[in-house]
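Containing PDB, C-alpha atoms: run.pdb.
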```
ATOM      1  CA  MET A 267     -23.120  18.114  12.150  1.00  0.00           C
ATOM      2  CA  SER A 268     -20.242  17.386  14.544  1.00  0.00           C
ATOM      3  CA  GLY A 269     -21.405  13.769  14.789  1.00  0.00           C
ATOM      4  CA  GLN A 270     -20.861  13.383  11.064  1.00  0.00           C
ATOM      5  CA  PHE A 271     -17.469  15.046  11.404  1.00  0.00           C
ATOM      6  CA  GLU A 272     -16.354  12.534  14.033  1.00  0.00           C
ATOM      7  CA  LEU A 273     -17.567   9.664  11.878  1.00  0.00           C
ATOM      8  CA  VAL A 274     -15.460  10.891   8.962  1.00  0.00           C
ATOM      9  CA  LEU A 275     -12.400  11.231  11.205  1.00  0.00           C
ATOM     10  CA  GLY A 276     -12.921   7.747  12.569  1.00  0.00           C
ATOM     11  CA  ASP A 277     -13.368   6.341   9.082  1.00  0.00           C
ATOM     12  CA  LEU A 278     -10.222   8.048   7.818  1.00  0.00           C
ATOM     13  CA  GLN A 279      -8.186   6.771  10.769  1.00  0.00           C
ATOM     14  CA  SER A 280      -9.572   3.267  10.336  1.00  0.00           C
ATOM     15  CA  MET A 281      -8.782   3.256   6.613  1.00  0.00           C
ATOM     16  CA  ALA A 282      -5.250   4.564   7.200  1.00  0.00           C
ATOM     17  CA  THR A 283      -4.581   1.869   9.800  1.00  0.00           C
ATOM     18  CA  THR A 284      -6.015  -0.830   7.537  1.00  0.00           C
ATOM     19  CA  PHE A 285      -3.927   0.289   4.556  1.00  0.00           C
ATOM     20  CA  HIS A 286      -0.744   0.258   6.653  1.00  0.00           C
ATOM     21  CA  THR A 287      -1.542  -3.168   8.113  1.00  0.00           C
ATOM     22  CA  GLU A 288      -2.437  -4.670   4.755  1.00  0.00           C
ATOM     23  CA  ALA A 289       0.629  -3.167   3.067  1.00  0.00           C
ATOM     24  CA  GLN A 290       2.789  -5.025   5.570  1.00  0.00           C
ATOM     25  CA  THR A 291       0.753  -8.206   5.119  1.00  0.00           C
ATOM     26  CA  TYR A 292       1.115  -7.942   1.337  1.00  0.00           C
ATOM     27  CA  ALA A 293       4.858  -7.291   1.588  1.00  0.00           C
ATOM     28  CA  ASN A 294       5.240 -10.406   3.769  1.00  0.00           C
ATOM     29  CA  LEU A 295       3.747 -12.542   0.986  1.00  0.00           C
ATOM     30  CA  LYS A 296       6.958 -12.137  -1.015  1.00  0.00           C
ATOM     31  CA  THR A 297       8.072 -15.713  -0.449  1.00  0.00           C
ATOM     32  CA  SER A 298       4.744 -16.924  -1.857  1.00  0.00           C
ATOM     33  CA  VAL A 299       5.027 -14.658  -4.884  1.00  0.00           C
ATOM     34  CA  ALA A 300       8.733 -15.278  -5.539  1.00  0.00           C
ATOM     35  CA  PRO A 301       9.643 -18.755  -4.290  1.00  0.00           C
ATOM     36  CA  PRO A 302      13.170 -20.144  -4.705  1.00  0.00           C
ATOM     37  CA  ILE A 303      13.940 -20.949  -8.312  1.00  0.00           C
ATOM     38  CA  ALA A 304      14.689 -24.521  -9.280  1.00  0.00           C
ATOM     39  CA  ALA A 305      17.474 -25.169 -11.765  1.00  0.00           C
ATOM     40  CA  SER A 306      16.305 -26.375 -15.159  1.00  0.00           C
ATOM     41  CA  GLY A 307      19.659 -27.647 -16.382  1.00  0.00           C
ATOM     42  CA  ASP A 308      19.739 -25.013 -19.142  1.00  0.00           C
ATOM     43  CA  GLY A 309      21.715 -21.877 -18.234  1.00  0.00           C
ATOM     44  CA  GLY A 310      19.813 -19.672 -20.678  1.00  0.00           C
ATOM     45  CA  LEU A 311      16.445 -20.803 -19.370  1.00  0.00           C
ATOM     46  CA  ASP A 312      17.630 -20.377 -15.772  1.00  0.00           C
ATOM     47  CA  ASN A 313      18.654 -16.785 -16.553  1.00  0.00           C
ATOM     48  CA  ALA A 314      15.285 -16.061 -18.175  1.00  0.00           C
ATOM     49  CA  ILE A 315      13.369 -17.539 -15.244  1.00  0.00           C
ATOM     50  CA  THR A 316      15.534 -15.613 -12.766  1.00  0.00           C
ATOM     51  CA  SER A 317      14.932 -12.354 -14.646  1.00  0.00           C
ATOM     52  CA  MET A 318      11.176 -12.909 -14.671  1.00  0.00           C
ATOM     53  CA  MET A 319      11.086 -13.801 -10.988  1.00  0.00           C
ATOM     54  CA  GLU A 320      13.120 -10.696 -10.126  1.00  0.00           C
ATOM     55  CA  ALA A 321      10.683  -8.573 -12.146  1.00  0.00           C
ATOM     56  CA  ILE A 322       7.706 -10.122 -10.333  1.00  0.00           C
ATOM     57  CA  ALA A 323       9.376  -9.581  -6.949  1.00  0.00           C
ATOM     58  CA  GLY A 324      10.125  -5.962  -7.895  1.00  0.00           C
ATOM     59  CA  LEU A 325       6.526  -5.326  -8.923  1.00  0.00           C
ATOM     60  CA  HIS A 326       5.338  -6.955  -5.719  1.00  0.00           C
ATOM     61  CA  ALA A 327       7.546  -4.652  -3.631  1.00  0.00           C
ATOM     62  CA  LYS A 328       6.399  -1.623  -5.649  1.00  0.00           C
ATOM     63  CA  LEU A 329       2.737  -2.453  -5.085  1.00  0.00           C
ATOM     64  CA  ALA A 330       3.337  -2.894  -1.350  1.00  0.00           C
ATOM     65  CA  GLY A 331       4.913   0.571  -1.370  1.00  0.00           C
ATOM     66  CA  VAL A 332       1.916   2.050  -3.185  1.00  0.00           C
ATOM     67  CA  ILE A 333      -0.480   0.529  -0.639  1.00  0.00           C
ATOM     68  CA  GLU A 334       1.666   1.992   2.172  1.00  0.00           C
ATOM     69  CA  ALA A 335       1.748   5.397   0.447  1.00  0.00           C
ATOM     70  CA  ASN A 336      -2.047   5.390   0.203  1.00  0.00           C
ATOM     71  CA  GLY A 337      -2.206   4.695   3.929  1.00  0.00           C
ATOM     72  CA  ASP A 338       0.127   7.657   4.479  1.00  0.00           C
ATOM     73  CA  LYS A 339      -2.158   9.885   2.397  1.00  0.00           C
ATOM     74  CA  LEU A 340      -5.166   8.788   4.412  1.00  0.00           C
ATOM     75  CA  LYS A 341      -3.300   9.511   7.662  1.00  0.00           C
ATOM     76  CA  THR A 342      -2.272  12.961   6.381  1.00  0.00           C
ATOM     77  CA  THR A 343      -5.853  13.676   5.387  1.00  0.00           C
ATOM     78  CA  HIS A 344      -7.105  12.571   8.807  1.00  0.00           C
ATOM     79  CA  ASP A 345      -4.559  14.748  10.590  1.00  0.00           C
ATOM     80  CA  SER A 346      -5.299  17.741   8.382  1.00  0.00           C
ATOM     81  CA  TYR A 347      -9.031  17.309   8.777  1.00  0.00           C
ATOM     82  CA  GLN A 348      -8.645  17.019  12.543  1.00  0.00           C
ATOM     83  CA  ARG A 349      -6.464  20.149  12.852  1.00  0.00           C
ATOM     84  CA  ASN A 350      -8.455  22.340  10.493  1.00  0.00           C
ATOM     85  CA  ASP A 351     -12.084  22.837   9.781  1.00  0.00           C
ATOM     86  CA  VAL A 352     -11.707  21.907   6.118  1.00  0.00           C
ATOM     87  CA  ASP A 353     -14.522  21.169   3.748  1.00  0.00           C
ATOM     88  CA  VAL A 354     -15.054  17.963   1.835  1.00  0.00           C
ATOM     89  CA  HIS A 355     -13.231  19.406  -1.180  1.00  0.00           C
ATOM     90  CA  GLY A 356     -10.149  19.942   1.017  1.00  0.00           C
ATOM     91  CA  VAL A 357     -10.253  16.289   2.115  1.00  0.00           C
ATOM     92  CA  PHE A 358     -10.272  15.109  -1.506  1.00  0.00           C
ATOM     93  CA  GLU A 359      -7.374  17.461  -2.304  1.00  0.00           C
ATOM     94  CA  ASP A 360      -5.340  15.866   0.493  1.00  0.00           C
ATOM     95  CA  LEU A 361      -6.122  12.401  -0.850  1.00  0.00           C
ATOM     96  CA  MET A 362      -4.923  13.288  -4.322  1.00  0.00           C
TER      97      MET A 362
END
```

I need this file expressed as structure tokens, please.
Amino acid sequence: MSGQFELVLGDLQSMATTFHTEAQTYANLKTSVAPPIAASGDGGLDNAITSMMEAIAGLHAKLAGVIEANGDKLKTTHDSYQRNDVDVHGVFEDLM
């Protein structure tokens, strides 16, 4: 039984680390998602394009934050599971 317990702890730690790493990788893609905006010659169109690009950049940053938060939840679950002899239901409660 303790062998399974260690495997779960290792898996949780690995997932938490991966989520944190990938959140940073995703956040660093911002320049690919929101490149510099070229002028169209029409002020109204430029404003519309700028607004859309700002919205896309904002959503990109929000998603990176959500990925990071999920990594934090996994780390909290790992730490809780390591400190306490919690059951599987307790692990799922920590994840939610």

For Ala335 in chain A, find every residue with an atom within 9 Å (counting all atoms listed in the file), except residues of its own chain fewer than 4 positions away, and show them as a VMD selection string.
chain A and resid 285 to 286 330 to 331 339 to 340

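If you look at CA of Asn350 in chain A and CA of Thr284 in chain A, they are 23.5 Å away from each other.
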
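Nearest residue to Asp277 in chain A, choosing from A:Thr343, A:Ala323, A:Ile315, A:Leu329 and counting all atoms listed in the file: A:Thr343.
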
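A straight line drawn from CA of Lys341 in chain A to CA of Ala282 in chain A is 5.3 Å long.
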
For the atom pair CA of Tyr347 in chain A and CA of Gln290 in chain A, what is the interatomic distance in Å to one decimal place?
25.5 Å

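With distances restricted to all atoms listed in the file, A:Thr316 is the closest residue to Pro302 in chain A from A:Gln279, A:Met362, A:Thr316, A:Ala289.
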
Rank A:Leu278, A:Leu325, A:Ala304, A:Leu361 by their smallest atom-to-atom distance to Tyr292 in chain A, using only C-alpha atoms, and report the top residue only.
A:Leu325

Could you state which residues are captured by the PyMOL selection byres ((chain A and resi 299-301) around 10) in this file, as a compact mmCIF listing (two decimals) with C-alpha atoms, in the coordinates of the input?
```txt
# COMPACT_ATOMS: atom_id res chain seq x y z
CA TYR A 292 1.12 -7.94 1.34
CA ALA A 293 4.86 -7.29 1.59
CA ASN A 294 5.24 -10.41 3.77
CA LEU A 295 3.75 -12.54 0.99
CA LYS A 296 6.96 -12.14 -1.01
CA THR A 297 8.07 -15.71 -0.45
CA SER A 298 4.74 -16.92 -1.86
CA PRO A 302 13.17 -20.14 -4.70
CA ILE A 303 13.94 -20.95 -8.31
CA ALA A 304 14.69 -24.52 -9.28
CA THR A 316 15.53 -15.61 -12.77
CA MET A 318 11.18 -12.91 -14.67
CA MET A 319 11.09 -13.80 -10.99
CA GLU A 320 13.12 -10.70 -10.13
CA ALA A 321 10.68 -8.57 -12.15
CA ILE A 322 7.71 -10.12 -10.33
CA ALA A 323 9.38 -9.58 -6.95
CA GLY A 324 10.12 -5.96 -7.90
CA HIS A 326 5.34 -6.96 -5.72
```

Take the structure in the block and write a file for chain A, C-alpha atoms, as a PDB file, in the first residue's frame.
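Saved as result05.pdb:
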```
ATOM      1  CA  MET A 267       0.000   0.000   0.000  1.00  0.00           C
ATOM      2  CA  SER A 268       2.780   2.480   0.815  1.00  0.00           C
ATOM      3  CA  GLY A 269       4.278   1.882  -2.633  1.00  0.00           C
ATOM      4  CA  GLN A 270       1.072   3.141  -4.201  1.00  0.00           C
ATOM      5  CA  PHE A 271       1.100   6.108  -1.839  1.00  0.00           C
ATOM      6  CA  GLU A 272       4.597   7.118  -2.940  1.00  0.00           C
ATOM      7  CA  LEU A 273       3.603   6.784  -6.580  1.00  0.00           C
ATOM      8  CA  VAL A 274       0.680   9.157  -6.057  1.00  0.00           C
ATOM      9  CA  LEU A 275       2.928  11.672  -4.287  1.00  0.00           C
ATOM     10  CA  GLY A 276       5.469  11.476  -7.075  1.00  0.00           C
ATOM     11  CA  ASP A 277       2.769  11.890  -9.698  1.00  0.00           C
ATOM     12  CA  LEU A 278       1.285  14.900  -7.924  1.00  0.00           C
ATOM     13  CA  GLN A 279       4.698  16.551  -7.589  1.00  0.00           C
ATOM     14  CA  SER A 280       5.509  15.840 -11.226  1.00  0.00           C
ATOM     15  CA  MET A 281       2.185  17.277 -12.399  1.00  0.00           C
ATOM     16  CA  ALA A 282       2.592  20.392 -10.241  1.00  0.00           C
ATOM     17  CA  THR A 283       6.085  21.004 -11.615  1.00  0.00           C
ATOM     18  CA  THR A 284       4.902  20.447 -15.185  1.00  0.00           C
ATOM     19  CA  PHE A 285       1.960  22.831 -14.787  1.00  0.00           C
ATOM     20  CA  HIS A 286       4.230  25.550 -13.380  1.00  0.00           C
ATOM     21  CA  THR A 287       6.808  25.058 -16.141  1.00  0.00           C
ATOM     22  CA  GLU A 288       4.216  25.031 -18.901  1.00  0.00           C
ATOM     23  CA  ALA A 289       2.414  28.071 -17.481  1.00  0.00           C
ATOM     24  CA  GLN A 290       5.653  30.014 -17.808  1.00  0.00           C
ATOM     25  CA  THR A 291       6.253  28.625 -21.298  1.00  0.00           C
ATOM     26  CA  TYR A 292       2.724  29.612 -22.334  1.00  0.00           C
ATOM     27  CA  ALA A 293       3.100  33.098 -20.848  1.00  0.00           C
ATOM     28  CA  ASN A 294       6.341  33.573 -22.814  1.00  0.00           C
ATOM     29  CA  LEU A 295       4.459  32.963 -26.073  1.00  0.00           C
ATOM     30  CA  LYS A 296       2.809  36.374 -25.731  1.00  0.00           C
ATOM     31  CA  THR A 297       4.827  37.923 -28.538  1.00  0.00           C
ATOM     32  CA  SER A 298       3.652  35.138 -30.859  1.00  0.00           C
ATOM     33  CA  VAL A 299       0.033  35.594 -29.822  1.00  0.00           C
ATOM     34  CA  ALA A 300       0.065  39.409 -29.824  1.00  0.00           C
ATOM     35  CA  PRO A 301       2.649  40.622 -32.340  1.00  0.00           C
ATOM     36  CA  PRO A 302       3.179  44.341 -32.992  1.00  0.00           C
ATOM     37  CA  ILE A 303       0.267  45.863 -34.850  1.00  0.00           C
ATOM     38  CA  ALA A 304       0.838  47.332 -38.281  1.00  0.00           C
ATOM     39  CA  ALA A 305      -0.894  50.585 -39.161  1.00  0.00           C
ATOM     40  CA  SER A 306      -3.661  50.251 -41.723  1.00  0.00           C
ATOM     41  CA  GLY A 307      -3.936  53.928 -42.595  1.00  0.00           C
ATOM     42  CA  ASP A 308      -7.473  54.082 -41.174  1.00  0.00           C
ATOM     43  CA  GLY A 309      -7.643  55.338 -37.575  1.00  0.00           C
ATOM     44  CA  GLY A 310     -10.936  53.579 -36.855  1.00  0.00           C
ATOM     45  CA  LEU A 311      -9.657  50.255 -38.138  1.00  0.00           C
ATOM     46  CA  ASP A 312      -6.400  50.693 -36.208  1.00  0.00           C
ATOM     47  CA  ASN A 313      -8.394  51.255 -33.004  1.00  0.00           C
ATOM     48  CA  ALA A 314     -10.517  48.160 -33.652  1.00  0.00           C
ATOM     49  CA  ILE A 315      -7.463  46.010 -34.357  1.00  0.00           C
ATOM     50  CA  THR A 316      -5.708  47.360 -31.254  1.00  0.00           C
ATOM     51  CA  SER A 317      -8.752  46.595 -29.096  1.00  0.00           C
ATOM     52  CA  MET A 318      -8.959  43.041 -30.417  1.00  0.00           C
ATOM     53  CA  MET A 319      -5.249  42.435 -29.927  1.00  0.00           C
ATOM     54  CA  GLU A 320      -5.444  43.761 -26.360  1.00  0.00           C
ATOM     55  CA  ALA A 321      -8.372  41.420 -25.679  1.00  0.00           C
ATOM     56  CA  ILE A 322      -6.429  38.451 -27.078  1.00  0.00           C
ATOM     57  CA  ALA A 323      -3.360  39.379 -25.014  1.00  0.00           C
ATOM     58  CA  GLY A 324      -5.545  39.701 -21.904  1.00  0.00           C
ATOM     59  CA  LEU A 325      -7.114  36.289 -22.468  1.00  0.00           C
ATOM     60  CA  HIS A 326      -3.675  34.821 -23.056  1.00  0.00           C
ATOM     61  CA  ALA A 327      -2.417  36.223 -19.741  1.00  0.00           C
ATOM     62  CA  LYS A 328      -5.558  34.990 -17.959  1.00  0.00           C
ATOM     63  CA  LEU A 329      -5.108  31.466 -19.298  1.00  0.00           C
ATOM     64  CA  ALA A 330      -1.452  31.449 -18.232  1.00  0.00           C
ATOM     65  CA  GLY A 331      -2.642  32.430 -14.752  1.00  0.00           C
ATOM     66  CA  VAL A 332      -5.194  29.611 -14.703  1.00  0.00           C
ATOM     67  CA  ILE A 333      -2.528  27.071 -15.688  1.00  0.00           C
ATOM     68  CA  GLU A 334      -0.289  28.417 -12.891  1.00  0.00           C
ATOM     69  CA  ALA A 335      -3.177  28.265 -10.397  1.00  0.00           C
ATOM     70  CA  ASN A 336      -3.800  24.625 -11.308  1.00  0.00           C
ATOM     71  CA  GLY A 337      -0.134  23.913 -10.639  1.00  0.00           C
ATOM     72  CA  ASP A 338      -0.527  25.608  -7.249  1.00  0.00           C
ATOM     73  CA  LYS A 339      -3.537  23.408  -6.461  1.00  0.00           C
ATOM     74  CA  LEU A 340      -1.586  20.301  -7.383  1.00  0.00           C
ATOM     75  CA  LYS A 341       1.311  21.416  -5.161  1.00  0.00           C
ATOM     76  CA  THR A 342      -1.087  22.094  -2.264  1.00  0.00           C
ATOM     77  CA  THR A 343      -2.653  18.682  -2.741  1.00  0.00           C
ATOM     78  CA  HIS A 344       0.774  17.029  -2.789  1.00  0.00           C
ATOM     79  CA  ASP A 345       1.837  18.835   0.375  1.00  0.00           C
ATOM     80  CA  SER A 346      -1.420  18.036   2.144  1.00  0.00           C
ATOM     81  CA  TYR A 347      -1.287  14.411   1.090  1.00  0.00           C
ATOM     82  CA  GLN A 348       2.316  14.157   2.259  1.00  0.00           C
ATOM     83  CA  ARG A 349       1.622  15.721   5.682  1.00  0.00           C
ATOM     84  CA  ASN A 350      -1.597  13.862   6.401  1.00  0.00           C
ATOM     85  CA  ASP A 351      -2.826  10.387   5.816  1.00  0.00           C
ATOM     86  CA  VAL A 352      -5.783  11.558   3.740  1.00  0.00           C
ATOM     87  CA  ASP A 353      -7.968   9.367   1.616  1.00  0.00           C
ATOM     88  CA  VAL A 354      -8.539   9.704  -2.097  1.00  0.00           C
ATOM     89  CA  HIS A 355     -11.665  11.784  -1.473  1.00  0.00           C
ATOM     90  CA  GLY A 356      -9.534  14.298   0.463  1.00  0.00           C
ATOM     91  CA  VAL A 357      -7.127  14.582  -2.485  1.00  0.00           C
ATOM     92  CA  PHE A 358      -9.991  15.400  -4.858  1.00  0.00           C
ATOM     93  CA  GLU A 359     -11.324  17.982  -2.384  1.00  0.00           C
ATOM     94  CA  ASP A 360      -7.929  19.709  -2.393  1.00  0.00           C
ATOM     95  CA  LEU A 361      -7.904  19.742  -6.192  1.00  0.00           C
ATOM     96  CA  MET A 362     -11.301  21.388  -6.371  1.00  0.00           C
TER      97      MET A 362
END
```
